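These notes are about the structure you will find just below.
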Protein chains: 2
Amino acid sequence: MRVVVGVDLGGTNIVVGTVTQDGKNVAGVQRRATPAALGPDVVVKHIVGAVRESIAQARCVWGKDIDVIGIGIGSPGPIDTKNGIVVTSPNLRWTNVPLRRLVSEIVDLPATLENDANCAVLGEWWRGAAVGAQIVVGVTIGTGVGGGFVLDGKIFHGASDVAGEFGHMTIDSTGRRCACGNYGCLEAYVSGPAIAKRAIESIEAGAPSSLAQYVDGDLSRITAEEVYLAAKDGDYLAEEVVRDTARLLGAGIANLVNICNPEVVVVCGGVTSAGEKLFRPLREEVARRAFRPAAEACRIVPGTLPGTAGVIGAVASFNLQTTGST
Amino acid sequence: MRVVVGVDLGGTNIVVGTVTQDGKNVAGVQRRATPAALGPDVVVKHIVGAVRESIAQARCVWGKDIDVIGIGIGSPGPIDTKNGIVVTSPNLRWTNVPLRRLVSEIVDLPATLENDANCAVLGEWWRGAAVGAQIVVGVTIGTGVGGGFVLDGKIFHGASDVAGEFGHMTIDSTGRRCACGNYGCLEAYVSGPAIAKRAIESIEAGAPSSLAQYVDGDLSRITAEEVYLAAKDGDYLAEEVVRDTARLLGAGIANLVNICNPEVVVVCGGVTSAGEKLFRPLREEVARRAFRPAAEACRIVPGTLPGTAGVIGAVASFNLQTTGST
């Protein structure tokens with residue numbers, strides 16, 4: 001049985017899984033903290049350790065005779081896909097790291113490198129929420145906001161390998177300052193930390209909320225996850241923050257719908273755990289803002305591969321880069 | 001010599017030209033007012049009259065033996081390209097008009113239909129400012145704001161033939177009301193009428209300006225053209241309106257640059273007559289707002305086929321639809 005190891009390198013975690021080459025089965029999923037502060041060599045060691053452990057576990061599940069044909073890696077930051085280099089990654093504090101070669105040499109297997117958000121969207125197209133669609137836009141929401149396009153089963157890279165920087169789309173040209181230096185970026189409103197920050201600001205301004213109970217009274221420990229939990233439990237402020245998130249994300253997604261006229265927009269990341277409390281007002285906002293023939297042609301759905309979209313997509317990207325198709 | 005007649009149908013004017021099939025020469029350019037209020041049949045008669053006149057003039061220029069092989073039509077509104085139907089056009093007040101068949105039957109020549117903004121961008125890619133680029137975004141600014149994508153020499157249509165509705169991109173989610181019902185659309189700030197309106201509002205609020213002199217004191221006659229003229233003449237208010245236009249359009253174009261990572265953004269329409277007074281601050285604003293590797297990969301240029309981009313692009317579209325390439 002031919003398998004490919006998928007690596008989803010993030011600023012916070014490394015997730016690795018061994019995947020059948022058709023993307024239908026995953027075994028040996030590993031999750032480790034990313035030791036970003038210790039530099040590329042240590043991160044590479046951790047990746048390789050996780051890859052070996054994943055393969056060993058996959059052999060326990062599928063038997064000794066699995067044939068590992070390569071490693072597909074997804075990484076944050078602008079990537080030079082062709083040369084397998086992480087050009088820059090603010091989260092990892094890397095510049096021009098030849099990640100593909102570093103991993104490939106140690107494990108002595110062919111490897112490919114692709115942007116992590118592109119991998120997640122490709123994974124959702126291959127084996128998740130967007131199967132069968134020819135024009136897919138994916139929005140990934142986590143520490144940052146990113147995304148990607150899958151057109152006719154291929155990632156659309158753009159002129160310099162950075163297409164899909166949806167997080168830095170302006171939705172309020174005089175709005176919140178973003179870490180990138182711009183004002184009113186989508187990321188400044190709907191990233192995980194921005195969602196938590198909006199909730200904390202409201203509580204500090206006196207809004208009544210049960211959110212403090214979720215973090216033993218320490219507001220600084222509120223993350224987006226607590227906001228979704230409290231909203232599910234019916235906390236008024238948390239529900240309001242989720243509705244505002246839907247409205248702001250809706251403005252961004254309506255832009256993507258107007259610009260690209262996709263068949264499906266897949267929303268990936270922890271934000272999907274907010275469920276219909278988020279997706280109902282989100283779809284309403286997109287319908288209100290977007291051009292009707294574009295809105296009517298487009299489904300807006302949560303990703304169905306939480307936790308493994310990046311790993312499965314990295315394997316799809318390995319197939320694409322080595323054989324020309326998934 | 002094989003020629004194709006290009007028709008650029010607008011809400012205000014019909015422009016028709018006879019073009020060599022390679023797109024390099026144009027003759028017999030006709031410009032007529034669009035009798036939109038009189039209904040599709042009258043508009044079609046005017047189109048056909050202009051087509052015949054254009055061919056007659058082209059025969060005077062190029063000789064009697066030119067071989068007219070077809071008609072390429074560009075029209076506003078969501079288009080059903082495959083079936084040659086104008087689905088709706090608010091400007092023309094049309095619904096489901098089979099324009100391709102209506103024209104083709106009368107002139108007894110094959111015809112094709114494509115969205116007018118797509119034609120303009122395709123024209124600029126084929127014979128204008130974006131020759132040779134593989135990833136082209138075009139923004140068309142006139143009574144409305146539209147645009148299109150040309151990827152690898154083909155128009156990107158999207159899932160329901162409406163990709164490129166850049167005018168209804170939100171740049172200020174709580175901003176100016178747009179005619180579409182949404183708030184803060186790019187079109188509400190940088191369309192020709194919106195540019196004029198911003199100038200008139202400032203004058204009515206007491207801002208000193210020489211603009212009234214360009215229209216014999218009748219502020220209601222100020223159009224975007226007068227604003228560009230007055231800015232060139234050094235009128236302070238007009239210069240400010242042009243700078244604000246650059247800033248607002250810059251937010252929209254920075255979004256397109258972040259999302260699509262194009263090689264070139266071509267700006268088409270009367271707004272290009274503002275020249276460097278517009279393009280210098282526009283490029284600065286995009287550089288300030290967009291993701292650096294995307295901004296650095298992208299040229300932002302005025303179209304070089306003012307008046308005929310739509311006609312030439314309609315011919316390119318005829319070639320694409322009938323032969324598969326331009």
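FYI, nothing fancy with the structure tokens labels: chains A, B, ... in order, residues from 1 per chain, ligands from 1 as they appear.
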Chain A superposed on chain B over all ordered C-alpha pairs, least squares: can you write that as a short mmCIF file (atom, residue, chain, number, x, y, z; two decimals) with C-alpha atoms, in the first residue's frame?
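Output saved as result-v2.cif:
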```cif
data_model
loop_
_atom_site.label_atom_id
_atom_site.label_comp_id
_atom_site.auth_asym_id
_atom_site.auth_seq_id
_atom_site.Cartn_x
_atom_site.Cartn_y
_atom_site.Cartn_z
CA MET A 1 -8.25 40.22 -45.30
CA ARG A 2 -10.31 38.63 -42.52
CA VAL A 3 -11.99 41.10 -40.18
CA VAL A 4 -14.37 40.89 -37.22
CA VAL A 5 -16.74 43.67 -36.17
CA GLY A 6 -16.48 44.50 -32.47
CA VAL A 7 -19.52 45.95 -30.68
CA ASP A 8 -19.18 47.61 -27.27
CA LEU A 9 -22.72 48.16 -26.03
CA GLY A 10 -22.95 50.46 -23.03
CA GLY A 11 -25.79 52.03 -21.09
CA THR A 12 -24.88 55.42 -22.60
CA ASN A 13 -23.11 54.70 -25.91
CA ILE A 14 -22.72 52.02 -28.53
CA VAL A 15 -19.19 51.87 -29.97
CA VAL A 16 -18.55 49.69 -33.02
CA GLY A 17 -15.37 49.10 -35.00
CA THR A 18 -14.14 46.80 -37.73
CA VAL A 19 -10.99 45.04 -36.62
CA THR A 20 -8.50 42.83 -38.42
CA GLN A 21 -8.76 39.34 -36.97
CA ASP A 22 -5.35 39.72 -35.35
CA GLY A 23 -6.62 42.77 -33.44
CA LYS A 24 -3.88 45.02 -34.74
CA ASN A 25 -5.89 47.41 -36.90
CA VAL A 26 -9.22 49.13 -36.40
CA ALA A 27 -11.28 51.04 -38.97
CA GLY A 28 -14.74 52.55 -39.24
CA VAL A 29 -15.20 53.34 -35.55
CA GLN A 30 -18.81 54.38 -34.90
CA ARG A 31 -20.16 55.93 -31.73
CA ARG A 32 -23.89 56.38 -31.13
CA ALA A 33 -26.10 57.11 -28.15
CA THR A 34 -27.78 53.96 -26.79
CA PRO A 35 -31.58 54.37 -27.10
CA ALA A 36 -31.99 52.22 -23.98
CA ALA A 37 -35.46 53.56 -23.18
CA LEU A 38 -36.81 52.37 -26.54
CA GLY A 39 -36.27 48.68 -25.79
CA PRO A 40 -34.10 45.86 -27.15
CA ASP A 41 -35.44 45.84 -30.72
CA VAL A 42 -34.57 49.49 -31.30
CA VAL A 43 -31.16 49.05 -29.64
CA VAL A 44 -30.50 46.04 -31.91
CA LYS A 45 -31.45 48.13 -34.98
CA HIS A 46 -28.97 50.80 -33.91
CA ILE A 47 -26.27 48.19 -33.37
CA VAL A 48 -26.89 46.66 -36.79
CA GLY A 49 -26.89 50.10 -38.43
CA ALA A 50 -23.57 50.92 -36.81
CA VAL A 51 -22.14 47.53 -37.82
CA ARG A 52 -23.10 48.08 -41.48
CA GLU A 53 -21.74 51.62 -41.47
CA SER A 54 -18.51 50.44 -39.85
CA ILE A 55 -18.03 47.71 -42.47
CA ALA A 56 -18.73 50.18 -45.27
CA GLN A 57 -16.15 52.61 -43.88
CA ALA A 58 -13.65 49.78 -43.39
CA ARG A 59 -14.11 48.84 -47.09
CA CYS A 60 -13.21 52.45 -47.98
CA VAL A 61 -10.02 52.18 -45.95
CA TRP A 62 -8.93 48.60 -46.61
CA GLY A 63 -10.56 47.87 -49.97
CA LYS A 64 -13.66 46.01 -51.11
CA ASP A 65 -12.32 42.48 -50.62
CA ILE A 66 -12.30 42.40 -46.80
CA ASP A 67 -13.92 39.24 -45.51
CA VAL A 68 -16.21 39.92 -42.50
CA ILE A 69 -16.26 36.64 -40.60
CA GLY A 70 -18.40 37.62 -37.59
CA ILE A 71 -19.49 39.99 -34.86
CA GLY A 72 -18.12 40.05 -31.30
CA ILE A 73 -20.47 41.80 -28.89
CA GLY A 74 -19.73 43.12 -25.40
CA SER A 75 -22.70 44.04 -23.22
CA PRO A 76 -23.27 45.15 -19.64
CA GLY A 77 -25.05 43.04 -17.07
CA PRO A 78 -24.76 39.44 -16.04
CA ILE A 79 -24.45 37.55 -19.30
CA ASP A 80 -25.18 33.94 -20.11
CA THR A 81 -22.13 33.67 -22.34
CA LYS A 82 -22.86 30.14 -23.50
CA ASN A 83 -26.34 30.96 -24.73
CA GLY A 84 -25.66 34.52 -25.79
CA ILE A 85 -28.23 36.08 -23.49
CA VAL A 86 -28.14 39.33 -21.50
CA VAL A 87 -29.62 37.99 -18.25
CA THR A 88 -30.26 41.36 -16.65
CA SER A 89 -28.90 44.83 -17.20
CA PRO A 90 -30.05 47.58 -14.85
CA ASN A 91 -28.51 50.22 -17.15
CA LEU A 92 -30.38 48.97 -20.22
CA ARG A 93 -33.39 47.81 -18.19
CA TRP A 94 -33.23 44.44 -19.96
CA THR A 95 -34.07 40.94 -18.75
CA ASN A 96 -33.22 37.78 -20.68
CA VAL A 97 -32.56 39.42 -24.04
CA PRO A 98 -31.08 36.92 -26.57
CA LEU A 99 -28.83 39.64 -27.97
CA ARG A 100 -26.44 37.31 -29.80
CA ARG A 101 -29.21 35.70 -31.84
CA LEU A 102 -31.00 39.01 -32.52
CA VAL A 103 -27.88 40.59 -34.00
CA SER A 104 -26.64 37.44 -35.73
CA GLU A 105 -29.95 36.81 -37.53
CA ILE A 106 -30.22 40.30 -38.97
CA VAL A 107 -26.64 40.58 -40.22
CA ASP A 108 -26.49 36.89 -41.17
CA LEU A 109 -23.08 36.38 -39.60
CA PRO A 110 -21.94 34.35 -36.61
CA ALA A 111 -21.85 36.40 -33.39
CA THR A 112 -20.61 35.99 -29.82
CA LEU A 113 -21.58 37.73 -26.60
CA GLU A 114 -19.41 38.55 -23.59
CA ASN A 115 -19.59 40.91 -20.61
CA ASP A 116 -18.39 44.41 -21.55
CA ALA A 117 -15.90 44.76 -18.67
CA ASN A 118 -14.44 41.34 -19.49
CA CYS A 119 -14.06 42.51 -23.10
CA ALA A 120 -12.21 45.67 -22.03
CA VAL A 121 -9.77 43.69 -19.89
CA LEU A 122 -9.29 41.06 -22.60
CA GLY A 123 -8.65 43.86 -25.11
CA GLU A 124 -5.99 45.40 -22.88
CA TRP A 125 -4.38 41.98 -22.48
CA TRP A 126 -4.51 41.27 -26.23
CA ARG A 127 -3.35 44.57 -27.71
CA GLY A 128 -3.01 47.07 -24.85
CA ALA A 129 -1.35 47.66 -21.50
CA ALA A 130 -1.21 44.05 -20.32
CA VAL A 131 0.22 42.29 -23.37
CA GLY A 132 2.11 39.13 -22.43
CA ALA A 133 0.91 38.88 -18.82
CA GLN A 134 -0.52 35.57 -17.63
CA ILE A 135 -2.47 36.89 -14.63
CA VAL A 136 -4.31 40.12 -15.41
CA VAL A 137 -6.85 41.94 -13.29
CA GLY A 138 -8.69 44.82 -14.95
CA VAL A 139 -10.78 47.44 -13.22
CA THR A 140 -13.18 49.45 -15.38
CA ILE A 141 -14.41 52.78 -14.07
CA GLY A 142 -17.27 54.63 -15.69
CA THR A 143 -20.92 55.07 -14.69
CA GLY A 144 -20.32 51.92 -12.67
CA VAL A 145 -17.22 50.08 -11.50
CA GLY A 146 -16.58 46.63 -12.92
CA GLY A 147 -13.75 44.48 -14.04
CA GLY A 148 -12.51 41.09 -14.98
CA PHE A 149 -9.73 38.53 -14.92
CA VAL A 150 -7.71 37.25 -17.82
CA LEU A 151 -5.80 34.10 -16.83
CA ASP A 152 -3.49 32.51 -19.38
CA GLY A 153 -5.20 34.45 -22.15
CA LYS A 154 -8.72 33.36 -21.22
CA ILE A 155 -11.47 35.20 -19.38
CA PHE A 156 -12.16 33.72 -15.93
CA HIS A 157 -15.95 33.58 -15.76
CA GLY A 158 -16.56 32.07 -12.33
CA ALA A 159 -19.34 29.68 -11.35
CA SER A 160 -22.21 31.71 -12.78
CA ASP A 161 -20.56 34.00 -15.33
CA VAL A 162 -20.27 37.00 -12.99
CA ALA A 163 -16.68 36.91 -11.70
CA GLY A 164 -15.09 40.36 -11.51
CA GLU A 165 -17.85 42.39 -9.82
CA PHE A 166 -15.20 44.59 -8.24
CA GLY A 167 -17.53 47.58 -7.91
CA HIS A 168 -19.48 45.91 -5.16
CA MET A 169 -16.47 45.04 -3.07
CA THR A 170 -16.91 46.44 0.46
CA ILE A 171 -14.09 48.76 1.44
CA ASP A 172 -15.95 50.40 4.34
CA SER A 173 -18.46 48.02 5.87
CA THR A 174 -20.39 50.86 7.50
CA GLY A 175 -19.75 53.38 4.72
CA ARG A 176 -21.70 55.08 1.93
CA ARG A 177 -24.91 53.44 0.77
CA CYS A 178 -24.52 51.98 -2.71
CA ALA A 179 -27.28 51.78 -5.34
CA CYS A 180 -27.07 47.98 -4.96
CA GLY A 181 -28.37 48.21 -1.37
CA ASN A 182 -25.05 47.37 0.27
CA TYR A 183 -22.92 49.83 2.25
CA GLY A 184 -19.38 50.95 1.51
CA CYS A 185 -19.04 49.45 -1.98
CA LEU A 186 -16.06 50.65 -4.00
CA GLU A 187 -18.49 51.88 -6.68
CA ALA A 188 -20.16 54.21 -4.16
CA TYR A 189 -16.82 56.08 -3.92
CA VAL A 190 -14.97 55.86 -7.21
CA SER A 191 -17.48 55.55 -10.06
CA GLY A 192 -17.62 58.62 -12.30
CA PRO A 193 -20.85 59.91 -10.70
CA ALA A 194 -19.49 59.21 -7.17
CA ILE A 195 -16.35 61.23 -7.91
CA ALA A 196 -18.47 64.14 -9.14
CA LYS A 197 -20.77 63.80 -6.13
CA ARG A 198 -17.89 63.99 -3.65
CA ALA A 199 -16.69 67.20 -5.32
CA ILE A 200 -20.18 68.74 -5.37
CA GLU A 201 -20.78 67.85 -1.70
CA SER A 202 -17.55 69.61 -0.71
CA ILE A 203 -18.39 72.74 -2.71
CA GLU A 204 -21.90 72.83 -1.24
CA ALA A 205 -20.31 72.51 2.21
CA GLY A 206 -18.30 75.65 1.45
CA ALA A 207 -14.96 74.39 0.15
CA PRO A 208 -13.38 76.99 -2.13
CA SER A 209 -12.95 75.71 -5.68
CA SER A 210 -12.83 76.92 -9.26
CA LEU A 211 -14.88 73.91 -10.38
CA ALA A 212 -18.09 75.93 -10.76
CA GLN A 213 -16.38 77.93 -13.54
CA TYR A 214 -16.07 74.76 -15.63
CA VAL A 215 -19.86 74.37 -15.71
CA ASP A 216 -21.05 77.99 -15.89
CA GLY A 217 -21.90 77.90 -12.19
CA ASP A 218 -24.32 74.95 -12.53
CA LEU A 219 -22.87 72.46 -10.01
CA SER A 220 -25.27 69.72 -11.18
CA ARG A 221 -23.33 69.64 -14.47
CA ILE A 222 -20.04 68.72 -12.79
CA THR A 223 -18.89 65.29 -13.93
CA ALA A 224 -15.72 63.38 -13.12
CA GLU A 225 -14.18 64.82 -16.30
CA GLU A 226 -14.42 68.38 -14.93
CA VAL A 227 -12.84 67.19 -11.69
CA TYR A 228 -9.83 65.74 -13.58
CA LEU A 229 -9.54 68.88 -15.71
CA ALA A 230 -9.66 71.20 -12.70
CA ALA A 231 -7.13 69.01 -10.86
CA LYS A 232 -4.76 69.31 -13.84
CA ASP A 233 -5.29 73.08 -13.71
CA GLY A 234 -4.25 73.02 -10.03
CA ASP A 235 -7.63 73.49 -8.33
CA TYR A 236 -7.05 72.51 -4.70
CA LEU A 237 -10.41 70.84 -4.06
CA ALA A 238 -10.31 68.91 -7.33
CA GLU A 239 -6.79 67.72 -6.52
CA GLU A 240 -8.05 66.58 -3.12
CA VAL A 241 -10.96 64.69 -4.69
CA VAL A 242 -8.52 62.95 -7.07
CA ARG A 243 -6.20 62.07 -4.15
CA ASP A 244 -9.16 60.70 -2.16
CA THR A 245 -10.20 58.72 -5.23
CA ALA A 246 -6.68 57.28 -5.41
CA ARG A 247 -6.82 56.36 -1.71
CA LEU A 248 -10.25 54.69 -1.97
CA LEU A 249 -9.48 52.96 -5.28
CA GLY A 250 -6.14 51.97 -3.74
CA ALA A 251 -7.92 50.13 -0.92
CA GLY A 252 -9.96 48.22 -3.50
CA ILE A 253 -6.99 47.44 -5.74
CA ALA A 254 -4.88 46.41 -2.72
CA ASN A 255 -7.62 43.88 -1.95
CA LEU A 256 -7.41 42.52 -5.48
CA VAL A 257 -3.62 42.37 -5.22
CA ASN A 258 -3.79 40.51 -1.89
CA ILE A 259 -6.48 38.13 -3.06
CA CYS A 260 -5.34 37.35 -6.60
CA ASN A 261 -1.62 38.20 -6.70
CA PRO A 262 -1.79 39.42 -10.33
CA GLU A 263 1.12 40.45 -12.55
CA VAL A 264 -0.70 43.56 -13.66
CA VAL A 265 -3.74 45.59 -12.70
CA VAL A 266 -5.06 47.61 -15.66
CA VAL A 267 -7.30 50.53 -14.82
CA CYS A 268 -9.66 51.37 -17.70
CA GLY A 269 -12.11 54.19 -18.31
CA GLY A 270 -12.30 57.95 -18.17
CA VAL A 271 -10.52 57.99 -14.82
CA THR A 272 -7.23 57.32 -16.62
CA SER A 273 -7.39 60.88 -17.99
CA ALA A 274 -6.47 62.06 -14.48
CA GLY A 275 -2.99 60.66 -15.28
CA GLU A 276 -0.21 60.67 -12.70
CA LYS A 277 -2.27 62.90 -10.37
CA LEU A 278 -4.26 59.72 -9.80
CA PHE A 279 -1.76 56.94 -10.50
CA ARG A 280 1.08 58.16 -8.26
CA PRO A 281 -0.99 58.27 -5.02
CA LEU A 282 -2.85 55.14 -6.16
CA ARG A 283 0.38 53.13 -6.39
CA GLU A 284 1.50 54.52 -3.03
CA GLU A 285 -1.76 53.50 -1.38
CA VAL A 286 -1.57 49.98 -2.83
CA ALA A 287 2.04 49.67 -1.66
CA ARG A 288 1.00 50.82 1.81
CA ARG A 289 -1.97 48.47 2.08
CA ALA A 290 -1.03 45.33 0.17
CA PHE A 291 1.10 42.39 1.24
CA ARG A 292 4.60 43.31 0.09
CA PRO A 293 5.46 40.22 -2.04
CA ALA A 294 2.12 40.66 -3.82
CA ALA A 295 2.51 44.44 -4.29
CA GLU A 296 6.07 44.06 -5.56
CA ALA A 297 5.00 41.50 -8.17
CA CYS A 298 2.31 43.77 -9.60
CA ARG A 299 2.34 46.69 -12.05
CA ILE A 300 -0.59 49.12 -11.82
CA VAL A 301 -1.13 50.80 -15.16
CA PRO A 302 -3.71 52.78 -17.10
CA GLY A 303 -5.27 51.08 -20.10
CA THR A 304 -3.68 52.09 -23.41
CA LEU A 305 -6.76 51.55 -25.59
CA PRO A 306 -9.09 54.30 -24.36
CA GLY A 307 -12.33 54.18 -26.32
CA THR A 308 -11.57 50.94 -28.19
CA ALA A 309 -10.53 48.40 -25.51
CA GLY A 310 -14.11 47.08 -25.44
CA VAL A 311 -14.33 46.81 -29.23
CA ILE A 312 -10.96 45.10 -29.61
CA GLY A 313 -11.72 42.83 -26.64
CA ALA A 314 -15.08 41.86 -28.14
CA VAL A 315 -13.16 40.72 -31.23
CA ALA A 316 -10.69 38.79 -29.05
CA SER A 317 -13.67 37.19 -27.34
CA PHE A 318 -15.14 36.27 -30.77
CA ASN A 319 -11.86 34.56 -31.63
CA LEU A 320 -11.78 32.78 -28.25
CA GLN A 321 -15.35 31.55 -28.47
CA THR A 322 -15.13 30.43 -32.09
CA THR A 323 -11.57 29.06 -32.27
CA GLY A 324 -10.49 28.54 -28.64
CA SER A 325 -7.70 31.11 -28.81
CA THR A 326 -7.27 34.78 -29.65
#
```
Per-residue DSSP, range 58-301 of chain B, filtered to alpha helix (DSSP H), as a PyMOL selection string: chain B and resi 58-62+99-107+116-127+187-190+192-204+224-232+236-260+276-289+292-296
DSSP strand (DSSP E or B) selection over range 193-312 of chain B, as a PDB file with N, CA and C atoms, in the first residue's frame:
```pdb
ATOM      1  N   VAL B 264      -0.356  42.193 -13.234  1.00  0.00           N
ATOM      2  CA  VAL B 264      -0.675  43.555 -13.645  1.00  0.00           C
ATOM      3  C   VAL B 264      -2.133  43.851 -13.309  1.00  0.00           C
ATOM      4  N   VAL B 265      -2.371  45.064 -12.832  1.00  0.00           N
ATOM      5  CA  VAL B 265      -3.734  45.577 -12.697  1.00  0.00           C
ATOM      6  C   VAL B 265      -3.873  46.711 -13.721  1.00  0.00           C
ATOM      7  N   VAL B 266      -4.796  46.551 -14.648  1.00  0.00           N
ATOM      8  CA  VAL B 266      -5.051  47.589 -15.653  1.00  0.00           C
ATOM      9  C   VAL B 266      -6.286  48.363 -15.226  1.00  0.00           C
ATOM     10  N   VAL B 267      -6.158  49.661 -15.138  1.00  0.00           N
ATOM     11  CA  VAL B 267      -7.301  50.510 -14.809  1.00  0.00           C
ATOM     12  C   VAL B 267      -7.808  51.128 -16.112  1.00  0.00           C
ATOM     13  N   CYS B 268      -9.078  50.889 -16.423  1.00  0.00           N
ATOM     14  CA  CYS B 268      -9.651  51.345 -17.691  1.00  0.00           C
ATOM     15  C   CYS B 268     -10.758  52.362 -17.431  1.00  0.00           C
ATOM     16  N   GLY B 269     -10.979  53.223 -18.398  1.00  0.00           N
ATOM     17  CA  GLY B 269     -12.095  54.158 -18.310  1.00  0.00           C
ATOM     18  C   GLY B 269     -11.621  55.591 -18.218  1.00  0.00           C
ATOM     19  N   ARG B 299       2.371  45.346 -11.431  1.00  0.00           N
ATOM     20  CA  ARG B 299       2.345  46.680 -12.038  1.00  0.00           C
ATOM     21  C   ARG B 299       0.911  47.202 -11.998  1.00  0.00           C
ATOM     22  N   ILE B 300       0.744  48.502 -11.756  1.00  0.00           N
ATOM     23  CA  ILE B 300      -0.588  49.104 -11.810  1.00  0.00           C
ATOM     24  C   ILE B 300      -0.545  50.175 -12.890  1.00  0.00           C
ATOM     25  N   VAL B 301      -1.286  49.949 -13.962  1.00  0.00           N
ATOM     26  CA  VAL B 301      -1.129  50.791 -15.150  1.00  0.00           C
ATOM     27  C   VAL B 301      -2.477  51.223 -15.712  1.00  0.00           C
ATOM     28  N   PRO B 302      -2.500  52.399 -16.369  1.00  0.00           N
ATOM     29  CA  PRO B 302      -3.716  52.781 -17.089  1.00  0.00           C
ATOM     30  C   PRO B 302      -3.831  51.973 -18.377  1.00  0.00           C
TER      31      PRO B 302
END
```
